[in-house]
Each structure stands twice: as C-alpha cells, then as structure tokens.
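Engineer: Data: protein.txt, compact mmCIF, C-alpha atoms.
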# COMPACT_ATOMS: atom_id res chain seq x y z
CA MET V 172 -111.81 171.74 -68.33
CA SER V 173 -109.43 174.41 -69.47
CA LYS V 174 -107.62 176.20 -66.66
CA LYS V 175 -106.22 179.71 -66.66
CA LEU V 176 -104.17 181.45 -64.01
CA ILE V 177 -104.57 185.20 -64.39
CA TYR V 178 -102.01 187.41 -62.67
CA PHE V 179 -99.68 190.31 -63.31
CA ASP V 180 -96.51 189.77 -65.33
CA LEU V 181 -94.38 189.25 -62.23
CA LYS V 182 -93.71 186.63 -59.56
CA GLY V 183 -95.50 188.24 -56.58
CA LEU V 184 -98.45 186.24 -55.26
CA GLY V 185 -98.80 184.24 -58.47
CA GLU V 186 -95.46 182.46 -58.66
CA SER V 187 -96.16 179.86 -55.95
CA LEU V 188 -99.36 178.94 -57.84
CA ARG V 189 -97.33 178.54 -61.03
CA TYR V 190 -94.92 176.29 -59.08
CA ILE V 191 -97.80 174.07 -57.89
CA LEU V 192 -99.40 173.91 -61.34
CA HIS V 193 -96.09 172.98 -62.99
CA TYR V 194 -95.23 170.49 -60.23
CA GLY V 195 -98.63 168.85 -60.68
CA GLY V 196 -98.24 168.68 -64.45
CA ILE V 197 -101.53 170.58 -64.77
CA GLN V 198 -102.18 172.11 -68.19
CA PHE V 199 -102.99 175.79 -67.76
CA GLU V 200 -102.81 179.08 -69.58
CA ASP V 201 -100.40 181.41 -67.76
CA VAL V 202 -102.19 184.70 -68.47
CA ARG V 203 -100.08 187.70 -67.54
CA ILE V 204 -101.33 191.27 -67.45
CA SER V 205 -98.80 194.11 -67.42
CA HIS V 206 -99.36 196.95 -64.96
CA SER V 207 -99.81 199.34 -67.90
CA GLU V 208 -102.63 197.18 -69.31
CA TRP V 209 -104.32 196.73 -65.93
CA PRO V 210 -106.42 199.94 -65.82
CA THR V 211 -108.03 199.13 -69.19
CA LYS V 212 -108.27 195.35 -68.62
CA LYS V 213 -109.49 195.61 -65.03
CA ASN V 214 -113.15 195.49 -65.99
CA GLU V 215 -112.72 192.58 -68.43
CA VAL V 216 -110.87 190.29 -66.01
CA PRO V 217 -113.23 187.90 -64.24
CA SER V 218 -112.29 188.72 -60.63
CA PRO V 219 -115.00 188.76 -57.95
CA PHE V 220 -113.26 191.47 -55.89
CA GLY V 221 -111.21 193.14 -58.63
CA LYS V 222 -107.92 191.60 -57.54
CA LEU V 223 -105.42 189.11 -58.93
CA PRO V 224 -104.51 186.26 -58.99
CA VAL V 225 -107.60 184.32 -59.99
CA LEU V 226 -107.88 180.73 -61.17
CA VAL V 227 -110.38 180.19 -63.97
CA ASP V 228 -111.55 176.60 -64.35
CA GLY V 229 -114.11 176.32 -67.15
CA ASP V 230 -116.82 178.78 -66.12
CA ARG V 231 -115.83 178.88 -62.44
CA ILE V 232 -113.58 181.52 -60.89
CA LEU V 233 -111.60 181.26 -57.66
CA ASN V 234 -109.82 184.23 -56.05
CA GLN V 235 -107.33 184.55 -53.16
CA SER V 236 -103.90 182.99 -53.68
CA MET V 237 -104.00 180.91 -50.47
CA ALA V 238 -107.41 179.45 -51.37
CA ILE V 239 -106.17 178.66 -54.89
CA ALA V 240 -102.97 177.01 -53.59
CA ARG V 241 -104.92 174.86 -51.13
CA TYR V 242 -107.48 173.91 -53.78
CA LEU V 243 -104.76 172.87 -56.24
CA GLY V 244 -102.99 171.05 -53.41
CA ARG V 245 -106.15 169.11 -52.58
CA GLY V 246 -106.02 167.48 -56.02
CA LEU V 247 -102.29 166.70 -55.80
CA ASP V 248 -102.12 165.06 -52.35
CA LEU V 249 -100.51 168.24 -50.99
CA VAL V 250 -102.94 168.71 -48.07
CA PRO V 251 -102.25 166.79 -44.83
CA ALA V 252 -104.80 164.02 -44.26
CA ASP V 253 -105.07 164.58 -40.50
CA PRO V 254 -107.32 167.59 -39.65
CA TRP V 255 -104.96 168.93 -36.97
CA ASP V 256 -101.96 168.69 -39.32
CA GLU V 257 -104.05 170.35 -42.03
CA ALA V 258 -104.87 173.23 -39.66
CA ALA V 259 -101.26 173.55 -38.47
CA VAL V 260 -100.00 174.34 -41.99
CA ASP V 261 -102.95 176.71 -42.53
CA ALA V 262 -101.88 178.57 -39.37
CA VAL V 263 -98.29 179.01 -40.59
CA ILE V 264 -99.40 180.46 -43.92
CA LEU V 265 -101.98 182.73 -42.27
CA THR V 266 -99.21 183.97 -39.96
CA LEU V 267 -96.99 184.60 -42.98
CA ASN V 268 -99.91 186.51 -44.56
CA ASP V 269 -100.07 188.72 -41.46
CA LEU V 270 -96.37 189.43 -41.78
CA MET V 271 -96.78 190.20 -45.49
CA ALA V 272 -99.70 192.55 -44.72
CA SER V 273 -97.55 194.38 -42.17
CA THR V 274 -94.97 195.10 -44.90
CA SER V 275 -97.56 197.04 -46.90
CA GLY V 276 -97.37 199.95 -44.43
CA VAL V 277 -93.84 200.62 -45.72
CA PHE V 278 -95.14 201.09 -49.26
CA ARG V 279 -98.07 203.27 -48.24
CA GLU V 280 -96.00 205.63 -46.07
CA GLN V 281 -95.30 208.87 -47.97
CA ASP V 282 -92.88 210.50 -45.54
CA ALA V 283 -89.33 209.34 -46.39
CA ALA V 284 -88.04 209.34 -42.80
CA LYS V 285 -91.08 207.46 -41.48
CA LYS V 286 -90.83 205.01 -44.39
CA GLU V 287 -87.19 204.29 -43.48
CA ALA V 288 -88.07 203.85 -39.79
CA LEU V 289 -90.88 201.41 -40.65
CA LYS V 290 -88.58 199.44 -42.92
CA LYS V 291 -85.87 199.32 -40.25
CA GLU V 292 -88.32 197.96 -37.67
CA LEU V 293 -89.45 195.30 -40.14
CA VAL V 294 -85.95 194.22 -41.07
CA ASP V 295 -84.38 194.43 -37.59
CA GLU V 296 -87.27 193.20 -35.46
CA THR V 297 -90.37 191.83 -37.18
CA ILE V 298 -88.70 189.61 -39.78
CA PRO V 299 -86.25 188.07 -37.26
CA PHE V 300 -89.12 187.45 -34.78
CA TYR V 301 -91.16 185.56 -37.36
CA PHE V 302 -88.39 183.82 -39.29
CA THR V 303 -86.67 182.49 -36.17
CA ARG V 304 -89.99 180.76 -35.41
CA PHE V 305 -90.63 179.68 -39.00
CA GLN V 306 -87.14 178.18 -39.11
CA ASN V 307 -87.83 176.23 -35.90
CA ILE V 308 -91.00 174.83 -37.50
CA LEU V 309 -89.00 173.76 -40.56
CA LYS V 310 -86.39 172.09 -38.34
CA GLU V 311 -89.06 170.17 -36.41
CA ASN V 312 -90.55 168.88 -39.68
CA ASN V 313 -87.49 167.70 -41.62
CA GLY V 314 -87.43 170.88 -43.64
CA HIS V 315 -91.15 171.19 -44.38
CA ILE V 316 -93.92 173.40 -42.95
CA GLY V 317 -95.91 170.25 -42.18
CA LYS V 318 -94.90 166.64 -41.69
CA LYS V 319 -94.52 166.14 -45.46
CA LEU V 320 -94.50 168.22 -48.67
CA THR V 321 -97.69 170.33 -48.79
CA TRP V 322 -99.12 173.28 -50.67
CA ALA V 323 -97.89 175.41 -47.74
CA ASP V 324 -94.24 174.77 -48.69
CA PHE V 325 -94.86 176.20 -52.15
CA VAL V 326 -96.66 179.27 -50.78
CA PHE V 327 -94.02 179.82 -48.10
CA VAL V 328 -91.26 179.84 -50.72
CA GLY V 329 -93.24 182.20 -52.96
CA VAL V 330 -93.80 184.66 -50.11
CA VAL V 331 -90.15 184.54 -48.99
CA GLU V 332 -89.10 185.42 -52.53
CA LEU V 333 -91.70 188.18 -52.65
CA ILE V 334 -90.59 189.75 -49.34
CA GLU V 335 -86.92 189.51 -50.31
CA GLU V 336 -87.60 191.26 -53.60
CA PHE V 337 -89.99 193.93 -52.34
CA LEU V 338 -88.02 194.88 -49.21
CA GLN V 339 -84.57 194.09 -50.60
CA VAL V 340 -83.75 191.95 -47.56
CA ASN V 341 -81.78 188.73 -47.38
CA ILE V 342 -83.89 186.13 -45.59
CA GLN V 343 -82.39 182.99 -47.09
CA GLY V 344 -78.87 184.05 -46.11
CA ASN V 345 -79.90 184.42 -42.45
CA TYR V 346 -82.12 181.35 -42.14
CA PRO V 347 -80.44 178.29 -43.70
CA ALA V 348 -83.50 176.04 -43.27
CA VAL V 349 -85.53 178.55 -45.29
CA LYS V 350 -82.88 178.54 -48.02
CA GLU V 351 -82.96 174.72 -48.07
CA LEU V 352 -86.74 174.70 -48.55
CA VAL V 353 -86.46 177.26 -51.37
CA ASN V 354 -83.87 175.04 -53.07
CA LYS V 355 -85.99 171.94 -52.53
CA ILE V 356 -89.06 173.52 -54.15
CA HIS V 357 -87.00 175.01 -56.99
CA ASN V 358 -85.63 171.55 -57.82
CA LEU V 359 -88.93 169.66 -57.86
CA PRO V 360 -89.86 168.14 -61.22
CA GLY V 361 -91.89 170.64 -63.23
CA VAL V 362 -90.81 173.57 -61.07
CA LYS V 363 -87.19 173.14 -62.14
CA GLU V 364 -88.08 173.31 -65.84
CA HIS V 365 -90.41 176.27 -65.23
CA ILE V 366 -87.62 178.22 -63.50
CA ALA V 367 -85.10 177.33 -66.22
CA ASN V 368 -87.50 178.68 -68.86
CA ARG V 369 -88.85 181.78 -67.13
CA LYS V 370 -87.72 185.23 -68.16
CA MET R 248 -108.73 165.77 -24.35
CA SER R 249 -109.37 168.98 -22.53
CA LYS R 250 -109.76 172.01 -24.78
CA LYS R 251 -109.07 175.64 -23.97
CA LEU R 252 -109.71 178.72 -26.07
CA ILE R 253 -107.40 181.50 -24.93
CA TYR R 254 -108.27 185.03 -25.99
CA PHE R 255 -108.72 188.51 -24.62
CA ASP R 256 -111.81 189.36 -22.56
CA LEU R 257 -113.70 190.71 -25.56
CA LYS R 258 -115.49 189.49 -28.68
CA GLY R 259 -112.94 190.47 -31.34
CA LEU R 260 -111.44 187.53 -33.24
CA GLY R 261 -112.41 185.03 -30.55
CA GLU R 262 -116.19 185.31 -30.53
CA SER R 263 -116.81 183.37 -33.76
CA LEU R 264 -114.74 180.52 -32.30
CA ARG R 265 -116.85 180.61 -29.14
CA TYR R 266 -119.96 180.46 -31.37
CA ILE R 267 -118.66 177.36 -33.16
CA LEU R 268 -117.60 175.64 -29.93
CA HIS R 269 -120.99 176.30 -28.31
CA TYR R 270 -122.87 175.30 -31.47
CA GLY R 271 -120.90 172.05 -31.59
CA GLY R 272 -121.56 171.34 -27.92
CA ILE R 273 -117.78 171.05 -27.42
CA GLN R 274 -116.63 171.25 -23.81
CA PHE R 275 -113.96 173.92 -23.49
CA GLU R 276 -112.47 176.33 -21.03
CA ASP R 277 -113.15 179.91 -22.17
CA VAL R 278 -109.92 181.50 -20.90
CA ARG R 279 -110.05 185.29 -21.04
CA ILE R 280 -107.09 187.56 -20.47
CA SER R 281 -107.68 191.23 -19.76
CA HIS R 282 -105.56 193.77 -21.62
CA SER R 283 -104.08 194.88 -18.29
CA GLU R 284 -102.93 191.32 -17.52
CA TRP R 285 -101.55 190.72 -21.02
CA PRO R 286 -98.06 192.28 -20.60
CA THR R 287 -97.34 190.05 -17.58
CA LYS R 288 -99.12 186.95 -18.93
CA LYS R 289 -97.74 187.25 -22.45
CA ASN R 290 -94.78 185.01 -21.77
CA GLU R 291 -96.83 182.35 -19.96
CA VAL R 292 -99.47 181.96 -22.66
CA PRO R 293 -98.64 179.12 -25.05
CA SER R 294 -98.77 181.05 -28.32
CA PRO R 295 -96.30 180.20 -31.10
CA PHE R 296 -96.19 183.77 -32.43
CA GLY R 297 -97.20 185.65 -29.29
CA LYS R 298 -100.74 186.37 -30.47
CA LEU R 299 -104.27 185.38 -29.50
CA PRO R 300 -106.55 183.52 -29.97
CA VAL R 301 -105.03 180.08 -29.57
CA LEU R 302 -106.79 176.74 -29.20
CA VAL R 303 -105.14 174.37 -26.74
CA ASP R 304 -106.10 170.73 -27.19
CA GLY R 305 -104.27 168.55 -24.70
CA ASP R 306 -100.61 169.33 -25.34
CA ARG R 307 -101.16 170.71 -28.83
CA ILE R 308 -101.55 174.40 -29.66
CA LEU R 309 -103.16 175.93 -32.74
CA ASN R 310 -102.98 179.64 -33.57
CA GLN R 311 -104.75 181.84 -36.16
CA SER R 312 -108.50 182.28 -35.78
CA MET R 313 -109.31 181.20 -39.35
CA ALA R 314 -107.26 177.99 -39.00
CA ILE R 315 -108.96 177.27 -35.66
CA ALA R 316 -112.45 177.89 -37.07
CA ARG R 317 -111.80 175.61 -40.04
CA TYR R 318 -110.33 172.90 -37.81
CA LEU R 319 -113.33 172.99 -35.47
CA GLY R 320 -115.62 173.05 -38.50
CA ARG R 321 -113.95 169.93 -39.90
CA GLY R 322 -115.12 167.95 -36.86
CA LEU R 323 -118.67 169.35 -37.02
CA ASP R 324 -119.46 168.83 -40.71
CA LEU R 325 -119.05 172.57 -41.27
CA VAL R 326 -116.59 172.27 -44.18
CA PRO R 327 -117.99 171.74 -47.71
CA ALA R 328 -117.30 168.23 -49.01
CA ASP R 329 -116.53 169.33 -52.57
CA PRO R 330 -112.99 170.76 -52.91
CA TRP R 331 -114.09 173.69 -55.09
CA ASP R 332 -116.89 174.61 -52.67
CA GLU R 333 -114.41 174.28 -49.81
CA ALA R 334 -112.03 176.71 -51.57
CA ALA R 335 -114.83 179.13 -52.44
CA VAL R 336 -115.69 179.72 -48.77
CA ASP R 337 -111.96 179.98 -47.93
CA ALA R 338 -111.68 182.73 -50.56
CA VAL R 339 -114.55 184.74 -49.06
CA ILE R 340 -113.04 184.64 -45.57
CA LEU R 341 -109.55 185.48 -46.87
CA THR R 342 -111.08 188.46 -48.70
CA LEU R 343 -112.81 189.52 -45.48
CA ASN R 344 -109.42 189.21 -43.72
CA ASP R 345 -107.91 191.57 -46.29
CA LEU R 346 -110.67 194.06 -45.60
CA MET R 347 -110.13 193.70 -41.85
CA ALA R 348 -106.37 194.24 -42.30
CA SER R 349 -107.06 197.41 -44.28
CA THR R 350 -109.01 198.83 -41.30
CA SER R 351 -105.89 198.62 -39.12
CA GLY R 352 -104.36 201.64 -40.89
CA VAL R 353 -107.08 203.80 -39.29
CA PHE R 354 -105.94 202.77 -35.82
CA ARG R 355 -102.23 203.21 -36.54
CA GLU R 356 -102.61 206.70 -38.03
CA GLN R 357 -101.58 209.34 -35.47
CA ASP R 358 -102.63 212.46 -37.35
CA ALA R 359 -106.30 213.21 -36.55
CA ALA R 360 -107.19 214.65 -39.96
CA LYS R 361 -105.54 211.76 -41.83
CA LYS R 362 -107.24 209.27 -39.50
CA GLU R 363 -110.62 210.81 -40.29
CA ALA R 364 -109.89 210.75 -44.05
CA LEU R 365 -108.86 207.08 -43.89
CA LYS R 366 -112.00 206.20 -41.94
CA LYS R 367 -114.18 208.12 -44.40
CA GLU R 368 -112.68 206.23 -47.35
CA LEU R 369 -113.29 202.91 -45.57
CA VAL R 370 -116.88 203.70 -44.66
CA ASP R 371 -117.88 205.45 -47.92
CA GLU R 372 -115.97 203.34 -50.45
CA THR R 373 -114.19 200.20 -49.23
CA ILE R 374 -116.94 198.73 -47.03
CA PRO R 375 -119.68 199.29 -49.66
CA PHE R 376 -117.43 197.78 -52.39
CA TYR R 377 -116.88 194.60 -50.39
CA PHE R 378 -120.25 194.23 -48.70
CA THR R 379 -122.23 194.72 -51.91
CA ARG R 380 -120.31 191.70 -53.22
CA PHE R 381 -120.56 189.72 -49.98
CA GLN R 382 -124.30 190.33 -49.96
CA ASN R 383 -124.57 189.03 -53.55
CA ILE R 384 -122.75 185.86 -52.49
CA LEU R 385 -125.20 185.40 -49.59
CA LYS R 386 -128.16 185.90 -51.94
CA GLU R 387 -126.79 183.30 -54.39
CA ASN R 388 -126.42 180.76 -51.56
CA ASN R 389 -129.74 181.01 -49.74
CA GLY R 390 -128.22 183.24 -47.08
CA HIS R 391 -124.97 181.36 -46.53
CA ILE R 392 -121.37 181.99 -47.64
CA GLY R 393 -121.30 178.52 -49.19
CA LYS R 394 -124.05 176.20 -50.34
CA LYS R 395 -124.88 175.21 -46.75
CA LEU R 396 -124.00 176.24 -43.19
CA THR R 397 -120.20 176.26 -42.82
CA TRP R 398 -117.51 177.50 -40.44
CA ALA R 399 -117.24 180.51 -42.79
CA ASP R 400 -120.72 181.74 -41.79
CA PHE R 401 -119.64 181.87 -38.14
CA VAL R 402 -116.40 183.71 -38.96
CA PHE R 403 -118.18 186.12 -41.30
CA VAL R 404 -120.65 187.06 -38.55
CA GLY R 405 -117.85 187.46 -36.00
CA VAL R 406 -115.89 189.79 -38.30
CA VAL R 407 -118.97 191.86 -39.21
CA GLU R 408 -119.61 192.41 -35.50
CA LEU R 409 -115.94 193.27 -34.97
CA ILE R 410 -115.83 195.83 -37.81
CA GLU R 411 -119.13 197.39 -36.68
CA GLU R 412 -117.82 197.78 -33.13
CA PHE R 413 -114.29 198.97 -33.97
CA LEU R 414 -115.27 201.44 -36.71
CA GLN R 415 -118.70 202.34 -35.29
CA VAL R 416 -120.35 201.65 -38.65
CA ASN R 417 -123.71 200.09 -39.37
CA ILE R 418 -123.21 197.21 -41.79
CA GLN R 419 -126.25 195.14 -40.88
CA GLY R 420 -128.59 198.09 -41.41
CA ASN R 421 -127.30 198.60 -44.94
CA TYR R 422 -127.06 194.96 -46.03
CA PRO R 423 -130.19 193.02 -45.04
CA ALA R 424 -128.77 189.66 -46.15
CA VAL R 425 -125.85 190.20 -43.76
CA LYS R 426 -128.25 191.02 -40.95
CA GLU R 427 -130.20 187.85 -41.70
CA LEU R 428 -127.07 185.73 -41.47
CA VAL R 429 -126.11 187.38 -38.16
CA ASN R 430 -129.59 186.58 -36.81
CA LYS R 431 -129.42 183.03 -38.12
CA ILE R 432 -126.09 182.34 -36.39
CA HIS R 433 -127.22 184.07 -33.18
CA ASN R 434 -130.25 181.78 -33.02
CA LEU R 435 -128.48 178.48 -33.57
CA PRO R 436 -128.71 176.03 -30.67
CA GLY R 437 -125.79 176.57 -28.31
CA VAL R 438 -125.00 180.00 -29.74
CA LYS R 439 -128.36 181.34 -28.57
CA GLU R 440 -127.73 180.25 -24.98
CA HIS R 441 -124.16 181.57 -25.09
CA ILE R 442 -125.38 185.01 -26.21
CA ALA R 443 -128.14 185.05 -23.58
CA ASN R 444 -125.54 184.32 -20.89
CA ARG R 445 -122.66 186.52 -22.00
CA LYS R 446 -121.85 189.75 -20.25
Please, can you express the file's structure as structure tokens?
Structural biologist:
Amino acid sequence: MSKKLIYFDLKGLGESLRYILHYGGIQFEDVRISHSEWPTKKNEVPSPFGKLPVLVDGDRILNQSMAIARYLGRGLDLVPADPWDEAAVDAVILTLNDLMASTSGVFREQDAAKKEALKKELVDETIPFYFTRFQNILKENNGHIGKKLTWADFVFVGVVELIEEFLQVNIQGNYPAVKELVNKIHNLPGVKEHIANRK
Amino acid sequence: MSKKLIYFDLKGLGESLRYILHYGGIQFEDVRISHSEWPTKKNEVPSPFGKLPVLVDGDRILNQSMAIARYLGRGLDLVPADPWDEAAVDAVILTLNDLMASTSGVFREQDAAKKEALKKELVDETIPFYFTRFQNILKENNGHIGKKLTWADFVFVGVVELIEEFLQVNIQGNYPAVKELVNKIHNLPGVKEHIANRK
C-alpha cells in the first residue's frame, strides 16, 4: 500500500522517520507542508489530533513520531527481540522526550531575561545531566542505545540534531559517543544518499 | 526474580503500574517513598535519571512509566499482536503524555493571574479537544483504547485520575466512555482488591 509521511518542510521530529524509511528502502511520499500553508491545510491533513508528523499507509493513519518510528522499526528488525531490551530502549527515548518537552518552556517564555535564564539552566545543567547519562548508555552498548542497531538510535540522532538546532547548543562536540552515533546513522545505506540529496 | 516498584507514596504515575501488577497477579514489593524522605533517599534509589517510578527486577532497573507498563503488558498478553494495532495504542498514550506535559506549565507558573488563565485554557479548550477525540477512540473500540484490553487502558485510566486530581477537573463526568473504562479497570480481578485495600 502506498505510504506517505506528512510533516513540515524541516527536519524537526520528521527527519528520524525519513532516515528509517530511507534506510529500510521503503517507498514513500515525503509530503512537506510549509508553515505558511499550515493554517489553510490544517483541516485537510488527516491527523487525529491536529499535529504532525503522521504516517499514512493506505487508508490508515498513525500519529506520534515515536510510535511511527517503532512501528517502522518493527518491520525492519529494528526492535530488540527480548522484552526487557525492548523496554530499555523505549525508556531512553521517553527520557529524551521529557528533556525535549522541557526545552519548550524556553520558547513559550515571553520575558527576555527569564527566557535567557531558562536557556542557561538547560544548557549548563539539564543537558549535561542527561547527556552524561546517555553517553554512558552508548558506551555500555558499543555505541548504540540498545545492544544492537534499533529504531531508538535513529530517533536519538534526530532529537539531538533538533535540540542542537533549536537551542543553538553543541551537544556532539561535548559528547563524542553521541557524535559517533550521529555519524554512524548518517552513513547507513539509504540515509547517506538521502542526506547527500536533501536541501 | 524479586520485583520492586519504587514510587512516591501517592497514585500519580505509579498507580497504573500497580493496577497492572495486581491484575497480573505478579508478586512485587510496593516501595513507597514520602516526599519528605525523597531528598535524603534520592541518591540511594536506583534510578538511572533520578526520577520515579522505577521497576527493579533482580539486578535490572527500568525507568519511565510508559516503558514499564508496556514491558509488564508484554508478559501478560496486554500488547496487541498486530504491529499496526500495537503502534496505534502507543500513539494514544504518547498523545496523552503530551497533554499531561502541557499541564505542567500551570504548576510552574508563579504569577497567580497567569496561572489561572493557563488553567482556564486547559480546562475549557485543551482537555475538551483531546478527550472528545479519546472518547471517540473508546467508542470505536468497544470501550478500549485498542481492539481489546491492553496495557494502554491501564495507563489511560491512571493518567485520567492523575489529571482529575492535580487540576481538580471532572473528566469522567463529561466523558461517559472514559468513566466506563475507569470502572472496567477498577473492577478487574486483582485491581478490585487492590483498590478496596488501599489507603
């Protein structure tokens, strides 16, 4: 059945899904909606809670980037077979989601001084707290989130790139194991060609 | 192996895990830490990112309530067998997590008038937007989040109870299908006895 990934015309939460789709050699339509089109297209896009990304597979629609990544991973042998190992990578990505959610306060804050203070706390305290631990997990697993390549590696890389871009922070420079995983994912077959061709 | 669920001495994010453990007839130690003990116990508790709940299973530790619920569900036939159906219930719970995360702004806001405005928006707009859609999902699935009883039903009920308590809003009164699911979970074997015995 024909697949479509619908997202905004940016990397954001959609890029890790594009990585997985290209890595898996899955034919899909990479539908991109510009922010200027969004208000008018919002009601046409088949999204159960009005948010993107969504994966359209024939007449079925799946929302939530983590659910989509896991679903695609299920078909590509990118989910650990052992239930505990499966849950362990889930937990890392859910923790990363919490961190990502905590960055949104910076964008919502209107007061410039408070915004700067929130950003400083994130960059000086929160990000080091989490990424020191994420890096230890990578080191324990030969550079992966789990014991082998999983959907979680793709999502992790996508979120690192998103946080670096949105907050203008250098995570890869401070955490070499994170940088290695980004490079590993970027050089996978399919992903490499996608990155070479993207705008 | 001996299992422990470590959480605060409240329902919060831990209660749905207690429901699943009791429903499954799984022997576990229900370790509860009071908020006053937390600062001193924080460094003793085996939590990879310093947060609760965690599930301890022998010498292994799993964090993140959604990952724990799914893992427990895997062993109790509470995960849909079909990968798309599995992902569809993931997406509902991840959406509910987003909603829950958006409530945290109310608690962080220091200014009383702004706090009240944020709460009003949540109660008058955000909660109805989401719960109208959640209720439609329940109606399409004979009262469940997925096509049968899954871990997601337990988590959904736990989060509804949490939002009702924290925001002092009446969700069950406004969405009868939600109330039905709460009652269904509360009356499951194991859960029923747990609720009758809890403080």
Engineer: Please find the residues of chain R near chain V - the criterion being any atom within 9 Å, counting all atoms listed in the file - and write them as number ranges by chain.
Structural biologist: R: 295-296, 308-315, 317-318, 321-322, 330-331, 333-339, 341-342, 345, 348-349, 352, 376-377, 380
Engineer: Give me the residues near segment 416-424 of chain R as a ChimeraX atom specification, where near means some atom within 8 Å (using only C-alpha atoms) and where sequence neighbours in that chain fewer than 6 positions away do not count.
Structural biologist: /R:370,378-379,382,385-386,390,407,410
Engineer: Of the residues V:Leu226, V:Leu333, V:Ile204, V:Ile298, which is the one nearest to Arg189 of chain V, using only C-alpha atoms?
Structural biologist: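 Selected residue with least distance to Arg189 of chain V: V:Leu226.
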Engineer: Name the residues in contact with Val362 of chain V at a cut-off of 9 Å, using all atoms listed in the file, excluding same-chain residues fewer than 4 positions from it; report them as a ChimeraX atom specification.
Structural biologist: /V:189-194,356-358,366-367
Engineer: Go ahead and write the residues just picked, C-alpha atoms, as a PDB file, keeping the file's coordinate frame.
Structural biologist:
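After the write, result32.pdb holds the following:
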ATOM      1  CA  ARG V 189     -97.330 178.540 -61.030  1.00  0.00           C
ATOM      2  CA  TYR V 190     -94.920 176.290 -59.080  1.00  0.00           C
ATOM      3  CA  ILE V 191     -97.800 174.070 -57.890  1.00  0.00           C
ATOM      4  CA  LEU V 192     -99.400 173.910 -61.340  1.00  0.00           C
ATOM      5  CA  HIS V 193     -96.090 172.980 -62.990  1.00  0.00           C
ATOM      6  CA  TYR V 194     -95.230 170.490 -60.230  1.00  0.00           C
ATOM      7  CA  ILE V 356     -89.060 173.520 -54.150  1.00  0.00           C
ATOM      8  CA  HIS V 357     -87.000 175.010 -56.990  1.00  0.00           C
ATOM      9  CA  ASN V 358     -85.630 171.550 -57.820  1.00  0.00           C
ATOM     10  CA  ILE V 366     -87.620 178.220 -63.500  1.00  0.00           C
ATOM     11  CA  ALA V 367     -85.100 177.330 -66.220  1.00  0.00           C
TER      12      ALA V 367
END
Engineer: I need the residue nearest His391 of chain R from this list: R:Gly259, R:Pro436, R:Pro286, R:Pro327. Use only C-alpha atoms for the distance.
Structural biologist: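 Using only C-alpha atoms, the shortest distance to His391 of chain R belongs to R:Pro327.
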Engineer: Measuring atom to atom with all atoms listed in the file, identify which of R:Ser263, R:Thr287, R:Ser249, R:Asn388 is nearest to Phe403 of chain R.
Structural biologist: R:Ser263
Engineer: Determine the nearest neighbour of Gly393 of chain R from the options R:Gly305, R:Asp329, R:Gly437, R:Glu262, counting all atoms listed in the file.
Structural biologist: R:Asp329
Engineer: Mind giving me the straight-line distance from atom CA of Val406 of chain R to atom CA of Lys258 of chain R in Å, one decimal?
Structural biologist: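 These atoms are spaced 9.6 Å apart.
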Engineer: At what distance in Å, to one decimal, does atom CA of Asn368 of chain V lie from atom CA of Ile177 of chain V?
Structural biologist: 18.8 Å
Engineer: Quote the spacing between atom CA of Leu320 of chain V and atom CA of Leu249 of chain V in Å to one decimal place.
Structural biologist: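 Going from atom CA of Leu320 of chain V over to atom CA of Leu249 of chain V, I get 6.4 Å.
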Engineer: Here is a test: counting all atoms listed in the file, which residue of R:Ile392, R:Leu343, R:Ala359, R:Leu428 is nearest to Val404 of chain R?
Structural biologist: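 That would be R:Leu428, the residue with the smallest distance to Val404 of chain R.
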